[in-house]
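**Q** Let me begin by handing over the structure; questions about it come next.
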Amino acid sequence: MAVYLDEPLPDEILFSVIARYVENAGIENVPEFLRILMGDGMYQPGKVDPFAHLVDETSRAWGMTARDISERLTLAPFYAAIFAGEGRMTAVVKRLRCAPWSGYIASGKPGIRYCEACWREDDGNNYPRYWRRTHQIPGVVVCPSHRCVLFGMGSTYTRTLLRAAAQRDGGTPVVAGSLEEARDWCTVAILARQLLCGDARWSRFGGEGPHRALQPYSDT
């Protein structure tokens, strides 16, 4: 069965693309749909890649490899950049205890995060409001592009993640503080984005992807 997910938008995280499809297609049995889309994909070193089934299901729509998906639509490059050595992704995913389709987002507070300015730009560009990878990086509370505090809503636990991702307003600021603190948070956000993306921003979908100053995702 081929699944025609939407073309991912710039810096979009995997769960955001899936949530939009589930919402637009009116899918009621979400667990069954995720099984069709992902198979039984879990991270098992030396065994089938957790995105192998997704690659097959989206080959007509995306034509991406498992590595493409991991590097462009998940937080795996961020974790791979800060955890060195063999088995680094095994250790990270074991601690996160999250499903690969989430994009390897950490479970718990402050929920999934968005930037009001980014969503206003989405509205102006006739894009659907979508969830950015950069905003979901652990410790990021400010948008590195607009330098404003992010808003959070819902939960990042996989059992409620897609339901939360279907919301498009009603969030609350994830932090409150002084202007000086905001500058520090912005510095953290910019550094986190560099770890996620390397030297280059998002390149055109379907292209060769960004040139990476950091080591690409690998378990070795």
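Naming works like this for the structure tokens: A, B, ... for the chains as they're shown, residue 1 at the start of each chain, ligands 1 onward in shown order.
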Quick one: DSSP helix (DSSP H, G or I) residues in segment 6-214 of chain A, as a PyMOL selection string?
**A** chain A and resi 14-25+30-38+52-57+66-73+76-82+88-96+100-102+116-124+134-136+158-165+179-197
**Q** According to DSSP computed on the backbone, where in segment 110-212 of chain A is there strand (DSSP E)? Give the residues as a PyMOL selection string.
**A** chain A and resi 112-114+151-153+172-173
**Q** Take the residues that were just selected and, keeping N, CA and C atoms, output them as a short mmCIF file (atom, residue, chain, number, x, y, z; two decimals), in the first residue's frame.
**A**
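Output below, filename out.cif:
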data_model
loop_
_atom_site.label_atom_id
_atom_site.label_comp_id
_atom_site.auth_asym_id
_atom_site.auth_seq_id
_atom_site.Cartn_x
_atom_site.Cartn_y
_atom_site.Cartn_z
N ILE A 112 4.72 20.03 22.90
CA ILE A 112 5.24 20.41 21.59
C ILE A 112 5.18 21.93 21.46
N ARG A 113 6.19 22.50 20.81
CA ARG A 113 6.39 23.95 20.84
C ARG A 113 6.27 24.56 19.45
N TYR A 114 5.78 25.78 19.43
CA TYR A 114 5.65 26.52 18.17
C TYR A 114 5.98 27.98 18.40
N PHE A 151 5.72 28.91 22.31
CA PHE A 151 4.52 28.50 23.02
C PHE A 151 4.45 26.98 23.00
N GLY A 152 3.92 26.42 24.07
CA GLY A 152 3.80 24.97 24.16
C GLY A 152 2.37 24.55 24.38
N MET A 153 2.06 23.33 23.94
CA MET A 153 0.73 22.78 24.16
C MET A 153 0.79 21.26 24.13
N THR A 172 0.61 28.18 25.54
CA THR A 172 1.06 29.16 26.52
C THR A 172 2.58 29.27 26.45
N PRO A 173 3.14 30.44 26.79
CA PRO A 173 4.60 30.59 26.74
C PRO A 173 5.30 29.54 27.60
#
**Q** Identify, on the basis of only C-alpha atoms, every residue whose closest approach to Ala176 of chain A does not exceed 10 Å; exclude the query and any residue fewer than 4 positions from it along the same chain; express the result as a PDB file with N, CA, C and O atoms, in the first residue's frame.
**A**
ATOM      1  N   VAL A 141      13.769  27.127  23.933  1.00  0.00           N
ATOM      2  CA  VAL A 141      12.541  27.792  24.376  1.00  0.00           C
ATOM      3  C   VAL A 141      12.298  29.089  23.616  1.00  0.00           C
ATOM      4  O   VAL A 141      11.304  29.775  23.855  1.00  0.00           O
ATOM      5  N   VAL A 149       9.865  34.012  22.462  1.00  0.00           N
ATOM      6  CA  VAL A 149       9.617  32.831  23.281  1.00  0.00           C
ATOM      7  C   VAL A 149       8.616  31.909  22.590  1.00  0.00           C
ATOM      8  O   VAL A 149       7.617  32.361  22.021  1.00  0.00           O
ATOM      9  N   GLU A 181      17.876  37.243  29.975  1.00  0.00           N
ATOM     10  CA  GLU A 181      17.696  35.795  29.893  1.00  0.00           C
ATOM     11  C   GLU A 181      17.256  35.382  28.496  1.00  0.00           C
ATOM     12  O   GLU A 181      17.689  34.344  27.977  1.00  0.00           O
ATOM     13  N   ALA A 182      16.395  36.194  27.877  1.00  0.00           N
ATOM     14  CA  ALA A 182      15.921  35.885  26.529  1.00  0.00           C
ATOM     15  C   ALA A 182      17.079  35.847  25.545  1.00  0.00           C
ATOM     16  O   ALA A 182      17.112  35.011  24.638  1.00  0.00           O
TER      17      ALA A 182
END
**Q** Find the residues near Trp62 of chain A: any atom within 12 Å, counting only C-alpha atoms, skip ones fewer than 3 places away on the same chain, and give them as an MDAnalysis selection string.
**A** chainID A and resid 2:8 17 54:59 65:66 68:69 205:207
**Q** Give me the residues within 7 Å of segment 121-133 of chain A as an NGL selection string, counting only C-alpha atoms and dropping any in the same chain fewer than 2 places off.
**A** :A and (11-13 or 16 or 74-75 or 114 or 117-119 or 135-137 or 168)
**Q** Closest to Arg67 of chain A among A:Phe51, A:Tyr21, A:Phe33, A:Phe83, using only C-alpha atoms?
**A** A:Phe51
**Q** Mind giving me the straight-line distance from atom CA of Ala99 of chain A to atom CA of Val188 of chain A in Å, one decimal?
**A**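 So the answer is 26.1 Å.
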**Q** Of the candidates A:Thr160, A:Pro138, A:Phe78, A:Ser155, which one gets nearest to Gly198 of chain A if we count only C-alpha atoms?
**A**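 Under the stated criterion, the closest residue is A:Phe78.
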**Q** Measure the distance from atom CA of Tyr104 of chain A to atom CA of Asp184 of chain A in Å and round it to one decimal.
**A**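 Interatomic distance here is 25.4 Å.
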**Q** Using only C-alpha atoms for the distances, tell me which of A:Gly103, A:Gly63, A:Pro144, A:Gly39 is nearest to Ile18 of chain A.
**A**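 Residue with the minimum atom-to-atom distance to Ile18 of chain A: A:Gly103.
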**Q** Pick out the closest residue to Leu150 of chain A from this set: A:Asp49, A:Glu23, A:Glu180, A:Glu116. Count only C-alpha atoms.
**A** A:Glu116
**Q** Using only C-alpha atoms, which of A:Leu195, A:Ile27, A:Ile190, A:Ala164 sits nearest Ala80 of chain A?
**A** A:Leu195
**Q** Taking only C-alpha atoms into account, name the residue in A:Leu162, A:Cys197, A:Ala106, A:Leu191 that is nearest to Val30 of chain A.
**A**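 So, comparing all the options, the nearest one is A:Leu162.
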